[in-house]
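J.: Quick one: structure below, then a few questions.
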Number of protein chains: 2
Amino acid sequence: MARRSEALTRARIVDAAVELLDAAGEGGLTFRALSQRLATGPGAIYWHVANKDELLAAATDAVVDAALTDEPSAASPQDAVRAVALGLFDAIDEHPWVAGQLSASSWQATTPRIFESVGRQVRALGVPQREWFTVASVIVQYILGAAAQNAANARILGPDVDREAFLGTVSTTWEELDPEDYAFTRTVADQMREHDDREQFLAGIDLVLTGVTTTHPPR
Amino acid sequence: MARRSEALTRARIVDAAVELLDAAGEGGLTFRALSQRLATGPGAIYWHVANKDELLAAATDAVVDAALTDEPSAASPQDAVRAVALGLFDAIDEHPWVAGQLSASSWQATTPRIFESVGRQVRALGVPQREWFTVASVIVQYILGAAAQNAANARILGPDVDREAFLGTVSTTWEELDPEDYAFTRTVADQMREHDDREQFLAGIDLVLTGVTTTHPPR
DNA sequence: GACATCTCTGGAGCGGCGTTCCAATCTTAG
DNA sequence: CTAAGATTGGAACGCCGCTCCAGAGATGTC
């Protein structure tokens with residue numbers, strides 16, 4: 001049989017995959033669950049998609065694509081970097097499973113898009129050309145690293161765990177660490193309780209940008 | 001039966017797990033493969049280890065622990081940060097599966113150790129106390145993000161793929177991207193072919209450190 | 001020394017996974 | 001109308017994490 005009212009397409013499969021991943025995390029994407037949601041069998045899905053890895057990559061691509069579509073058009077290159085970074089940060093926060101995919105399949109199709117968005121701003125910052133690759137890479141690495149770290153917490157929290165309670169628990173754990181081995185960590189335990197993820201992420205972006213403009217002052 | 005010549009211990013299990021992970025990557029760690037290597041059954045392993053997640057966490061802990069044991073004792077706080085960062089970078093490069101674990105199980109037992117090592121140097125840099133948490137977090141996020149990115153490549157390369165050939169392929173792919181949508185990426189394709197991972201990682205650390213000392217000049 | 005008890009072992013088995021295979025069906029071309 | 005091709009979906013395979021449990025050392029008690 002074939003051709004139901006709504007034909008099975010790669011796009012519909014990827015959409016359903018994203019929904020499953022959002023709803024139940026990395027482990028929620030199953031060819032059986034996907035089959036059921038699309039009212040078909042696994043075999044039909046495999047006709048449109050090579051395997052699970054390709055499906056995950058396509059789902060990741062879809063999310064990143066959506067996060068990068070709106071052009072920055074910001075006042076300064078710095079603001080443009082902040083805009084791109086925040087867009088990705090929020091997208092990964094909303095779809096935490098993306099983090100794992102992005103660090104797993106580097107240099108693939110998705111990364112160049114991110115790299116390009118950041119790189120254009122690096123160029124606009126007046127960084128000398130021979131440093132373009134390095135500087136753009138560093139910024140992308142920080143963005144993805146920080147977002148991944150944040151996504152890990154989001155994954156632990158889940159959709160219905162109290163964030164404050166969670167931070168309180170971690171903070172208390174830190175305060176009970178060995179005073180000698182963990183002197184620093186104990187001292188900042190209360191800062192960790194009260195920190196804001198987005199603010200801290202932006203502070204990191206600014207730190208890197210300051211490093212860039214200090215090391216390569218615009219002529 | 002029990003008590004063979006070499007008793008089954010948690011430590012022996014974790015060691016074997018690390019070996020399996022190193023040899024065959026994330027997917028290489030299987031309770032069946034582990035059973036065979038340890039000449040026992042899955043049940044015996046489960047008496048010492050709660051589940052696969054705990055085993056992965058323990059394996060990650062073992063690797064990170066080994067990477068952080070040698071005290072920095074460097075000339076400057078900057079050098080100490082570089083030493084800690086490089087230690088982690090190399091450890092993750094050698095055990096690429098660690099990257100996924102570290103970004104997956106944030107704020108757990110392993111992260112505070114890294115955080116503490118970095119944080120002490122942040123303190124030594126003269127950063128004002130109210131910024132300690134933020135600055136230390138940013139540095140740790142960059143280290144783990146960059147190392148994860150690098151590990152992804154190491155995973156693709158595997159133990160016996162030519163690095164230069166791989167970079168050449170990626171570089172060529174970049175050069176063939178759409179000239180309009182990927183103007184920047186195309187321009188730096190050749191830089192990407194010739195870059196050195198470790199050097200670039202250190203350049204990133206220096207960029208962040210410059211940002212830190214510029215934003216918070218030591219009194 | 002005998003026995004009960006506790007610690008530890010390892011193999012069998014359960015449900016679920018990714019993936020493959022293929023008969024059956026629908027669409028299209030001549 | 002019919003043959004060829006495109007598409008479907010369910011059955012089945014081998015592997016996975018994990019649980020269960022009979023029973024083999026080790027240990028303690030008298």
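All residue names refer to the structure tokens as shown: chains lettered A, B, ... in order, residues numbered from 1 in each chain, ligands numbered from 1 in order.
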Please identify all polymer residues within 12 Å of Gln36 in chain B, counting only C-alpha atoms (C1' of nucleotides), omitting same-chain residues fewer than 2 positions from it, and present them as JSON, numbers by chain.

T.: {"B": [13, 16, 17, 20, 29, 30, 31, 32, 33, 34, 38, 39, 40, 41, 42, 44, 45], "C": [10]}

J.: Could you give me, as a ChimeraX atom specification, the residues within 12 Å of DG14 in chain D, counting only C-alpha atoms (C1' of nucleotides) and dropping anything in the same chain fewer than 2 positions from it?

T.: /C:17-20 /D:12,16

J.: Save out the residues we just selected, C-alpha atoms (C1' of nucleotides), as a compact mmCIF listing (two decimals), in the first residue's frame.

T.:
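So the final result, stored in part-v8.txt, reads:
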```txt
# COMPACT_ATOMS: atom_id res chain seq x y z
C1' DC C 17 16.58 -1.65 20.25
C1' DG C 18 18.45 -0.72 15.13
C1' DT C 19 18.20 -2.75 11.03
C1' DT C 20 16.96 -5.94 7.07
C1' DA D 12 12.17 -11.38 11.99
C1' DC D 16 21.76 -4.59 23.86
```

J.: Find the distance between CA of Ala23 in chain B and CA of Gly145 in chain B and write it in Å to one decimal.

T.: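 Between CA of Ala23 in chain B and CA of Gly145 in chain B the gap works out to 23.2 Å.
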
J.: Could you list, as a ChimeraX atom specification, the residues of chain D having an atom within 8 Å of chain B when counting only C-alpha atoms (C1' of nucleotides)?

T.: /D:16-17,23-25

J.: Please save all heavy atoms of the selected residues as a short mmCIF file (atom, residue, chain, number, x, y, z; two decimals), in the first residue's frame.

T.:
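And here's out.cif as it stands now:
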```
data_model
loop_
_atom_site.label_atom_id
_atom_site.label_comp_id
_atom_site.auth_asym_id
_atom_site.auth_seq_id
_atom_site.Cartn_x
_atom_site.Cartn_y
_atom_site.Cartn_z
P DC D 16 26.39 -6.47 21.86
OP1 DC D 16 27.60 -5.64 21.69
OP2 DC D 16 26.48 -7.83 22.42
"O5'" DC D 16 25.33 -5.65 22.72
"C5'" DC D 16 25.02 -4.32 22.32
"C4'" DC D 16 23.82 -3.82 23.11
"O4'" DC D 16 22.67 -4.63 22.77
"C3'" DC D 16 23.97 -3.97 24.61
"O3'" DC D 16 24.58 -2.81 25.14
"C2'" DC D 16 22.52 -4.08 25.07
"C1'" DC D 16 21.76 -4.59 23.86
N1 DC D 16 21.21 -5.98 23.99
C2 DC D 16 19.93 -6.17 24.50
O2 DC D 16 19.27 -5.18 24.86
N3 DC D 16 19.45 -7.43 24.61
C4 DC D 16 20.19 -8.47 24.21
N4 DC D 16 19.67 -9.69 24.32
C5 DC D 16 21.50 -8.29 23.69
C6 DC D 16 21.98 -7.04 23.60
P DG D 17 25.16 -2.82 26.60
OP1 DG D 17 26.09 -1.68 26.72
OP2 DG D 17 25.63 -4.19 26.88
"O5'" DG D 17 23.88 -2.57 27.50
"C5'" DG D 17 23.21 -1.32 27.46
"C4'" DG D 17 22.02 -1.35 28.39
"O4'" DG D 17 21.19 -2.48 28.04
"C3'" DG D 17 22.38 -1.53 29.86
"O3'" DG D 17 21.52 -0.71 30.64
"C2'" DG D 17 22.17 -3.02 30.10
"C1'" DG D 17 21.01 -3.34 29.16
N9 DG D 17 21.05 -4.72 28.67
C8 DG D 17 22.12 -5.37 28.12
N7 DG D 17 21.86 -6.60 27.78
C5 DG D 17 20.54 -6.78 28.12
C6 DG D 17 19.70 -7.92 28.00
O6 DG D 17 19.98 -9.04 27.54
N1 DG D 17 18.40 -7.68 28.46
C2 DG D 17 17.98 -6.48 28.99
N2 DG D 17 16.72 -6.44 29.40
N3 DG D 17 18.76 -5.41 29.12
C4 DG D 17 20.02 -5.62 28.66
P DG D 23 21.04 -25.48 42.49
OP1 DG D 23 21.24 -26.64 41.59
OP2 DG D 23 20.21 -25.58 43.71
"O5'" DG D 23 22.47 -24.96 42.92
"C5'" DG D 23 23.44 -24.70 41.91
"C4'" DG D 23 24.56 -23.88 42.51
"O4'" DG D 23 24.08 -22.56 42.86
"C3'" DG D 23 25.17 -24.45 43.81
"O3'" DG D 23 26.56 -24.44 43.68
"C2'" DG D 23 24.73 -23.44 44.86
"C1'" DG D 23 24.78 -22.18 44.02
N9 DG D 23 24.19 -21.00 44.63
C8 DG D 23 22.96 -20.88 45.23
N7 DG D 23 22.74 -19.68 45.70
C5 DG D 23 23.89 -18.97 45.37
C6 DG D 23 24.24 -17.62 45.63
O6 DG D 23 23.57 -16.75 46.21
N1 DG D 23 25.50 -17.32 45.13
C2 DG D 23 26.32 -18.21 44.47
N2 DG D 23 27.50 -17.74 44.07
N3 DG D 23 26.01 -19.47 44.23
C4 DG D 23 24.79 -19.77 44.71
P DA D 24 27.45 -25.74 43.99
OP1 DA D 24 27.24 -26.70 42.90
OP2 DA D 24 27.18 -26.13 45.40
"O5'" DA D 24 28.95 -25.21 43.90
"C5'" DA D 24 29.33 -24.42 42.79
"C4'" DA D 24 30.24 -23.30 43.26
"O4'" DA D 24 29.42 -22.26 43.85
"C3'" DA D 24 31.25 -23.71 44.32
"O3'" DA D 24 32.51 -23.16 43.99
"C2'" DA D 24 30.69 -23.12 45.61
"C1'" DA D 24 29.95 -21.90 45.10
N9 DA D 24 28.82 -21.48 45.93
C8 DA D 24 27.73 -22.23 46.28
N7 DA D 24 26.84 -21.58 47.01
C5 DA D 24 27.39 -20.32 47.14
C6 DA D 24 26.94 -19.16 47.81
N6 DA D 24 25.78 -19.10 48.48
N1 DA D 24 27.71 -18.07 47.74
C2 DA D 24 28.87 -18.14 47.06
N3 DA D 24 29.40 -19.17 46.40
C4 DA D 24 28.60 -20.24 46.47
P DG D 25 33.81 -23.60 44.79
OP1 DG D 25 34.97 -23.01 44.06
OP2 DG D 25 33.72 -25.05 45.06
"O5'" DG D 25 33.69 -22.83 46.19
"C5'" DG D 25 34.84 -22.57 46.93
"C4'" DG D 25 35.09 -21.07 46.94
"O4'" DG D 25 33.82 -20.37 46.93
"C3'" DG D 25 35.82 -20.64 48.20
"O3'" DG D 25 36.68 -19.54 47.93
"C2'" DG D 25 34.70 -20.26 49.14
"C1'" DG D 25 33.57 -19.82 48.22
N9 DG D 25 32.27 -20.35 48.68
C8 DG D 25 31.77 -21.61 48.48
N7 DG D 25 30.59 -21.79 49.00
C5 DG D 25 30.28 -20.57 49.59
C6 DG D 25 29.12 -20.17 50.31
O6 DG D 25 28.13 -20.84 50.57
N1 DG D 25 29.22 -18.85 50.73
C2 DG D 25 30.31 -18.03 50.47
N2 DG D 25 30.23 -16.79 50.97
N3 DG D 25 31.40 -18.38 49.79
C4 DG D 25 31.31 -19.67 49.39
#
```

J.: Do you have, as CSV, the list of residues of chain C lying at most 10 Å from chain B, each with its nearest atom pair and that distance in Å to one decimal, counting only C-alpha atoms (C1' of nucleotides) and ordered by chain then number?

T.:
```
residue,atom,partner,partner_atom,distance
C:DT7,C1',B:Ala2,CA,8.8
C:DC8,C1',B:Ala2,CA,5.7
C:DT9,C1',B:Ala2,CA,5.4
C:DG10,C1',B:Gly41,CA,4.3
C:DG11,C1',B:Gly41,CA,6.7
```

J.: Store the residues picked out above in a file with all heavy atoms, as a JSON list (two decimals), in the first residue's frame.

T.:
```
[["chain", "number", "residue", "atom", "x", "y", "z"],
["C", 7, "DT", "P", 26.83, -9.89, 53.64],
["C", 7, "DT", "OP1", 27.33, -8.62, 54.19],
["C", 7, "DT", "OP2", 25.49, -9.97, 53.04],
["C", 7, "DT", "O5'", 27.89, -10.44, 52.58],
["C", 7, "DT", "C5'", 29.20, -10.76, 53.03],
["C", 7, "DT", "C4'", 30.02, -11.30, 51.87],
["C", 7, "DT", "O4'", 29.51, -12.59, 51.46],
["C", 7, "DT", "C3'", 30.01, -10.42, 50.62],
["C", 7, "DT", "O3'", 31.33, -10.35, 50.10],
["C", 7, "DT", "C2'", 29.06, -11.16, 49.68],
["C", 7, "DT", "C1'", 29.33, -12.62, 50.06],
["C", 7, "DT", "N1", 28.24, -13.58, 49.79],
["C", 7, "DT", "C2", 28.53, -14.74, 49.11],
["C", 7, "DT", "O2", 29.64, -15.02, 48.70],
["C", 7, "DT", "N3", 27.45, -15.59, 48.94],
["C", 7, "DT", "C4", 26.15, -15.37, 49.36],
["C", 7, "DT", "O4", 25.28, -16.21, 49.14],
["C", 7, "DT", "C5", 25.92, -14.14, 50.05],
["C", 7, "DT", "C7", 24.56, -13.81, 50.55],
["C", 7, "DT", "C6", 26.97, -13.30, 50.25],
["C", 8, "DC", "P", 31.71, -9.23, 48.97],
["C", 8, "DC", "OP1", 33.13, -8.90, 49.13],
["C", 8, "DC", "OP2", 30.69, -8.16, 48.97],
["C", 8, "DC", "O5'", 31.55, -10.08, 47.63],
["C", 8, "DC", "C5'", 32.43, -11.21, 47.45],
["C", 8, "DC", "C4'", 31.87, -12.10, 46.37],
["C", 8, "DC", "O4'", 30.57, -12.57, 46.72],
["C", 8, "DC", "C3'", 31.69, -11.45, 44.99],
["C", 8, "DC", "O3'", 32.77, -11.90, 44.18],
["C", 8, "DC", "C2'", 30.33, -11.98, 44.50],
["C", 8, "DC", "C1'", 30.00, -13.06, 45.52],
["C", 8, "DC", "N1", 28.55, -13.30, 45.78],
["C", 8, "DC", "C2", 27.98, -14.51, 45.40],
["C", 8, "DC", "O2", 28.68, -15.37, 44.86],
["C", 8, "DC", "N3", 26.66, -14.72, 45.65],
["C", 8, "DC", "C4", 25.92, -13.77, 46.24],
["C", 8, "DC", "N4", 24.62, -14.03, 46.47],
["C", 8, "DC", "C5", 26.49, -12.53, 46.63],
["C", 8, "DC", "C6", 27.79, -12.33, 46.38],
["C", 9, "DT", "P", 32.87, -11.50, 42.65],
["C", 9, "DT", "OP1", 34.28, -11.60, 42.24],
["C", 9, "DT", "OP2", 32.10, -10.27, 42.42],
["C", 9, "DT", "O5'", 32.09, -12.72, 42.00],
["C", 9, "DT", "C5'", 32.67, -14.01, 42.07],
["C", 9, "DT", "C4'", 31.75, -15.02, 41.42],
["C", 9, "DT", "O4'", 30.44, -14.91, 41.99],
["C", 9, "DT", "C3'", 31.56, -14.80, 39.91],
["C", 9, "DT", "O3'", 32.22, -15.83, 39.23],
["C", 9, "DT", "C2'", 30.04, -14.82, 39.70],
["C", 9, "DT", "C1'", 29.52, -15.38, 41.02],
["C", 9, "DT", "N1", 28.19, -14.89, 41.43],
["C", 9, "DT", "C2", 27.12, -15.73, 41.30],
["C", 9, "DT", "O2", 27.19, -16.85, 40.85],
["C", 9, "DT", "N3", 25.92, -15.19, 41.72],
["C", 9, "DT", "C4", 25.71, -13.94, 42.27],
["C", 9, "DT", "O4", 24.59, -13.56, 42.62],
["C", 9, "DT", "C5", 26.88, -13.12, 42.38],
["C", 9, "DT", "C7", 26.77, -11.73, 42.95],
["C", 9, "DT", "C6", 28.05, -13.62, 41.97],
["C", 10, "DG", "P", 32.73, -15.60, 37.75],
["C", 10, "DG", "OP1", 33.83, -16.55, 37.52],
["C", 10, "DG", "OP2", 32.91, -14.16, 37.52],
["C", 10, "DG", "O5'", 31.47, -16.08, 36.90],
["C", 10, "DG", "C5'", 31.16, -17.45, 36.87],
["C", 10, "DG", "C4'", 29.80, -17.66, 36.24],
["C", 10, "DG", "O4'", 28.78, -17.05, 37.07],
["C", 10, "DG", "C3'", 29.64, -17.01, 34.85],
["C", 10, "DG", "O3'", 28.84, -17.85, 34.05],
["C", 10, "DG", "C2'", 28.85, -15.75, 35.17],
["C", 10, "DG", "C1'", 27.93, -16.30, 36.23],
["C", 10, "DG", "N9", 27.28, -15.28, 37.04],
["C", 10, "DG", "C8", 27.77, -14.04, 37.39],
["C", 10, "DG", "N7", 26.96, -13.35, 38.13],
["C", 10, "DG", "C5", 25.85, -14.17, 38.28],
["C", 10, "DG", "C6", 24.65, -13.98, 38.99],
["C", 10, "DG", "O6", 24.31, -12.98, 39.64],
["C", 10, "DG", "N1", 23.79, -15.08, 38.90],
["C", 10, "DG", "C2", 24.07, -16.24, 38.21],
["C", 10, "DG", "N2", 23.14, -17.18, 38.22],
["C", 10, "DG", "N3", 25.21, -16.43, 37.54],
["C", 10, "DG", "C4", 26.04, -15.37, 37.63],
["C", 11, "DG", "P", 29.35, -18.42, 32.71],
["C", 11, "DG", "OP1", 30.37, -19.40, 33.06],
["C", 11, "DG", "OP2", 29.65, -17.31, 31.79],
["C", 11, "DG", "O5'", 28.07, -19.17, 32.15],
["C", 11, "DG", "C5'", 27.42, -20.15, 32.97],
["C", 11, "DG", "C4'", 25.92, -19.95, 32.93],
["C", 11, "DG", "O4'", 25.53, -18.84, 33.79],
["C", 11, "DG", "C3'", 25.35, -19.62, 31.54],
["C", 11, "DG", "O3'", 24.19, -20.42, 31.35],
["C", 11, "DG", "C2'", 25.01, -18.14, 31.64],
["C", 11, "DG", "C1'", 24.58, -18.05, 33.09],
["C", 11, "DG", "N9", 24.61, -16.71, 33.67],
["C", 11, "DG", "C8", 25.62, -15.78, 33.58],
["C", 11, "DG", "N7", 25.35, -14.67, 34.21],
["C", 11, "DG", "C5", 24.09, -14.87, 34.75],
["C", 11, "DG", "C6", 23.27, -14.02, 35.53],
["C", 11, "DG", "O6", 23.51, -12.87, 35.92],
["C", 11, "DG", "N1", 22.07, -14.62, 35.87],
["C", 11, "DG", "C2", 21.69, -15.89, 35.49],
["C", 11, "DG", "N2", 20.49, -16.30, 35.90],
["C", 11, "DG", "N3", 22.45, -16.69, 34.76],
["C", 11, "DG", "C4", 23.62, -16.13, 34.42]]
```

J.: Tell me, as a PDB file with N, CA and C atoms, in the first residue's frame, which residues lie within 9 Å of His95 in chain B, counting only C-alpha atoms (C1' of nucleotides); anything in the same chain fewer than 5 positions away does not count.

T.:
```pdb
ATOM      1  N   VAL B  18      37.564   1.161  30.608  1.00  0.00           N
ATOM      2  CA  VAL B  18      38.357   2.192  29.922  1.00  0.00           C
ATOM      3  C   VAL B  18      39.057   1.588  28.716  1.00  0.00           C
ATOM      4  N   LEU B  21      36.560   1.070  25.946  1.00  0.00           N
ATOM      5  CA  LEU B  21      36.161   2.353  25.371  1.00  0.00           C
ATOM      6  C   LEU B  21      37.263   2.912  24.483  1.00  0.00           C
ATOM      7  N   ASP B  22      38.500   2.798  24.947  1.00  0.00           N
ATOM      8  CA  ASP B  22      39.617   3.284  24.141  1.00  0.00           C
ATOM      9  C   ASP B  22      39.737   2.499  22.841  1.00  0.00           C
ATOM     10  N   GLY B  25      35.636   2.743  21.147  1.00  0.00           N
ATOM     11  CA  GLY B  25      34.752   3.897  21.263  1.00  0.00           C
ATOM     12  C   GLY B  25      33.531   3.634  22.124  1.00  0.00           C
ATOM     13  N   VAL B  63      39.807   8.716  34.175  1.00  0.00           N
ATOM     14  CA  VAL B  63      40.653   9.401  33.190  1.00  0.00           C
ATOM     15  C   VAL B  63      40.953  10.836  33.617  1.00  0.00           C
ATOM     16  N   ASP B  90      44.790  16.833  26.229  1.00  0.00           N
ATOM     17  CA  ASP B  90      45.490  15.623  25.800  1.00  0.00           C
ATOM     18  C   ASP B  90      44.765  14.362  26.272  1.00  0.00           C
ATOM     19  N   ALA B 151      37.812  16.068  20.079  1.00  0.00           N
ATOM     20  CA  ALA B 151      37.592  14.632  20.251  1.00  0.00           C
ATOM     21  C   ALA B 151      36.692  14.088  19.159  1.00  0.00           C
TER      22      ALA B 151
END
```

J.: Kindly assemble as JSON lines a list of the chain A residues that lie within 6 Å of chain B, each paired with its nearest atom pair and their distance in Å to one decimal, using only C-alpha atoms, sorted first by chain and then by ascending residue number.

T.:
```
{"residue": "A:Ser103", "atom": "CA", "partner": "B:Gln149", "partner_atom": "CA", "distance": 5.4}
{"residue": "A:Ala104", "atom": "CA", "partner": "B:Ala152", "partner_atom": "CA", "distance": 5.2}
{"residue": "A:Ser106", "atom": "CA", "partner": "B:Ala152", "partner_atom": "CA", "distance": 5.9}
{"residue": "A:Glu116", "atom": "CA", "partner": "B:Thr185", "partner_atom": "CA", "distance": 5.5}
{"residue": "A:Phe133", "atom": "CA", "partner": "B:Val188", "partner_atom": "CA", "distance": 5.8}
{"residue": "A:Val138", "atom": "CA", "partner": "B:Gly204", "partner_atom": "CA", "distance": 5.4}
{"residue": "A:Gln141", "atom": "CA", "partner": "B:Ala146", "partner_atom": "CA", "distance": 5.1}
{"residue": "A:Tyr142", "atom": "CA", "partner": "B:Tyr142", "partner_atom": "CA", "distance": 4.7}
{"residue": "A:Gly145", "atom": "CA", "partner": "B:Gly145", "partner_atom": "CA", "distance": 3.4}
{"residue": "A:Ala146", "atom": "CA", "partner": "B:Gln141", "partner_atom": "CA", "distance": 5.1}
{"residue": "A:Gln149", "atom": "CA", "partner": "B:Ser103", "partner_atom": "CA", "distance": 5.5}
{"residue": "A:Ala152", "atom": "CA", "partner": "B:Ala104", "partner_atom": "CA", "distance": 5.2}
{"residue": "A:Phe184", "atom": "CA", "partner": "B:Glu116", "partner_atom": "CA", "distance": 5.9}
{"residue": "A:Thr185", "atom": "CA", "partner": "B:Glu116", "partner_atom": "CA", "distance": 5.5}
{"residue": "A:Val188", "atom": "CA", "partner": "B:Phe133", "partner_atom": "CA", "distance": 5.8}
{"residue": "A:Gly204", "atom": "CA", "partner": "B:Val138", "partner_atom": "CA", "distance": 5.3}
{"residue": "A:Leu207", "atom": "CA", "partner": "B:Gly211", "partner_atom": "CA", "distance": 4.7}
{"residue": "A:Val208", "atom": "CA", "partner": "B:Val208", "partner_atom": "CA", "distance": 5.1}
{"residue": "A:Thr210", "atom": "CA", "partner": "B:Gly211", "partner_atom": "CA", "distance": 4.8}
{"residue": "A:Gly211", "atom": "CA", "partner": "B:Gly211", "partner_atom": "CA", "distance": 3.7}
```

J.: For the alpha helix (DSSP H) assignment from backbone DSSP, which residues of range 85-122 of chain B qualify? Please present them as a PyMOL selection string.

T.: chain B and resi 85-94+97-104+110-122

J.: Residues of the last selection are to be written out with N, CA, C and O atoms, as a compact mmCIF listing (two decimals), in the first residue's frame.

T.:
```
# COMPACT_ATOMS: atom_id res chain seq x y z
N ALA B 85 44.71 23.03 31.29
CA ALA B 85 43.92 22.91 30.06
C ALA B 85 44.54 21.88 29.12
O ALA B 85 43.85 21.02 28.58
N LEU B 86 45.85 21.97 28.94
CA LEU B 86 46.51 21.03 28.03
C LEU B 86 46.42 19.61 28.55
O LEU B 86 46.25 18.66 27.77
N GLY B 87 46.54 19.45 29.88
CA GLY B 87 46.41 18.12 30.45
C GLY B 87 45.07 17.50 30.11
O GLY B 87 44.98 16.34 29.68
N LEU B 88 44.01 18.29 30.27
CA LEU B 88 42.68 17.79 29.94
C LEU B 88 42.54 17.55 28.44
O LEU B 88 41.99 16.54 28.01
N PHE B 89 43.05 18.50 27.67
CA PHE B 89 42.95 18.38 26.22
C PHE B 89 43.59 17.08 25.73
O PHE B 89 42.99 16.33 24.96
N ASP B 90 44.79 16.83 26.23
CA ASP B 90 45.49 15.62 25.80
C ASP B 90 44.77 14.36 26.27
O ASP B 90 44.69 13.37 25.54
N ALA B 91 44.26 14.41 27.51
CA ALA B 91 43.56 13.24 28.04
C ALA B 91 42.32 12.93 27.19
O ALA B 91 42.04 11.78 26.86
N ILE B 92 41.59 13.98 26.84
CA ILE B 92 40.37 13.78 26.03
C ILE B 92 40.73 13.36 24.62
O ILE B 92 40.02 12.60 23.97
N ASP B 93 41.88 13.86 24.13
CA ASP B 93 42.32 13.47 22.80
C ASP B 93 42.65 11.98 22.78
O ASP B 93 42.37 11.29 21.80
N GLU B 94 43.20 11.51 23.89
CA GLU B 94 43.59 10.10 23.96
C GLU B 94 42.40 9.19 24.25
O GLU B 94 42.38 8.03 23.87
N TRP B 97 36.00 9.33 23.98
CA TRP B 97 34.68 9.06 24.55
C TRP B 97 34.44 9.87 25.81
O TRP B 97 33.29 10.06 26.23
N VAL B 98 35.52 10.36 26.44
CA VAL B 98 35.35 11.15 27.68
C VAL B 98 34.56 12.43 27.41
O VAL B 98 33.76 12.86 28.24
N ALA B 99 34.77 13.00 26.22
CA ALA B 99 34.13 14.28 25.90
C ALA B 99 32.62 14.20 26.06
O ALA B 99 32.00 15.03 26.73
N GLY B 100 32.04 13.20 25.46
CA GLY B 100 30.59 13.04 25.55
C GLY B 100 30.12 12.90 26.98
O GLY B 100 29.09 13.46 27.36
N GLN B 101 30.86 12.17 27.78
CA GLN B 101 30.47 11.98 29.17
C GLN B 101 30.53 13.28 29.96
O GLN B 101 29.64 13.58 30.74
N LEU B 102 31.60 14.04 29.70
CA LEU B 102 31.79 15.26 30.48
C LEU B 102 30.71 16.29 30.19
O LEU B 102 30.25 16.99 31.09
N SER B 103 30.29 16.37 28.92
CA SER B 103 29.25 17.35 28.65
C SER B 103 27.87 16.80 29.00
O SER B 103 26.91 17.54 29.13
N ALA B 104 27.80 15.47 29.19
CA ALA B 104 26.49 14.89 29.49
C ALA B 104 26.16 14.94 30.98
O ALA B 104 25.01 15.10 31.36
N THR B 110 32.80 14.69 38.71
CA THR B 110 34.03 14.99 37.99
C THR B 110 34.24 16.48 37.78
O THR B 110 35.35 16.99 37.91
N THR B 111 33.17 17.18 37.45
CA THR B 111 33.31 18.59 37.10
C THR B 111 33.92 19.43 38.22
O THR B 111 34.79 20.27 37.95
N PRO B 112 33.50 19.26 39.47
CA PRO B 112 34.11 20.09 40.52
C PRO B 112 35.63 20.00 40.57
O PRO B 112 36.30 21.00 40.85
N ARG B 113 36.15 18.82 40.27
CA ARG B 113 37.61 18.69 40.30
C ARG B 113 38.25 19.59 39.25
O ARG B 113 39.23 20.29 39.51
N ILE B 114 37.69 19.57 38.06
CA ILE B 114 38.20 20.44 37.01
C ILE B 114 38.01 21.90 37.41
O ILE B 114 38.92 22.72 37.30
N PHE B 115 36.81 22.18 37.88
CA PHE B 115 36.47 23.54 38.27
C PHE B 115 37.44 24.07 39.33
O PHE B 115 37.88 25.22 39.27
N GLU B 116 37.77 23.23 40.28
CA GLU B 116 38.67 23.64 41.35
C GLU B 116 40.06 23.96 40.81
O GLU B 116 40.65 24.99 41.15
N SER B 117 40.57 23.09 39.95
CA SER B 117 41.90 23.31 39.39
C SER B 117 41.98 24.64 38.65
O SER B 117 42.95 25.39 38.80
N VAL B 118 40.96 24.92 37.86
CA VAL B 118 40.94 26.16 37.10
C VAL B 118 40.70 27.35 38.03
O VAL B 118 41.36 28.39 37.94
N GLY B 119 39.74 27.16 38.94
CA GLY B 119 39.35 28.27 39.83
C GLY B 119 40.49 28.81 40.65
O GLY B 119 40.62 30.03 40.83
N ARG B 120 41.34 27.94 41.13
CA ARG B 120 42.47 28.41 41.95
C ARG B 120 43.35 29.38 41.16
O ARG B 120 43.89 30.33 41.71
N GLN B 121 43.49 29.10 39.88
CA GLN B 121 44.31 29.99 39.05
C GLN B 121 43.59 31.30 38.77
O GLN B 121 44.22 32.35 38.65
N VAL B 122 42.26 31.21 38.66
CA VAL B 122 41.48 32.44 38.49
C VAL B 122 41.69 33.35 39.69
O VAL B 122 41.89 34.56 39.55
```

J.: My list of candidates is A:Val14, A:Gly28, A:Pro218, A:Gly168. Which is closest to Leu55 in chain A when distances are computed with only C-alpha atoms?

T.: A:Val14

J.: Can you measure CA of Gly126 in chain B to CA of Glu71 in chain B for me? One decimal in Å is fine.

T.: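 Computing the Euclidean distance for CA of Gly126 in chain B and CA of Glu71 in chain B yields 20.1 Å.
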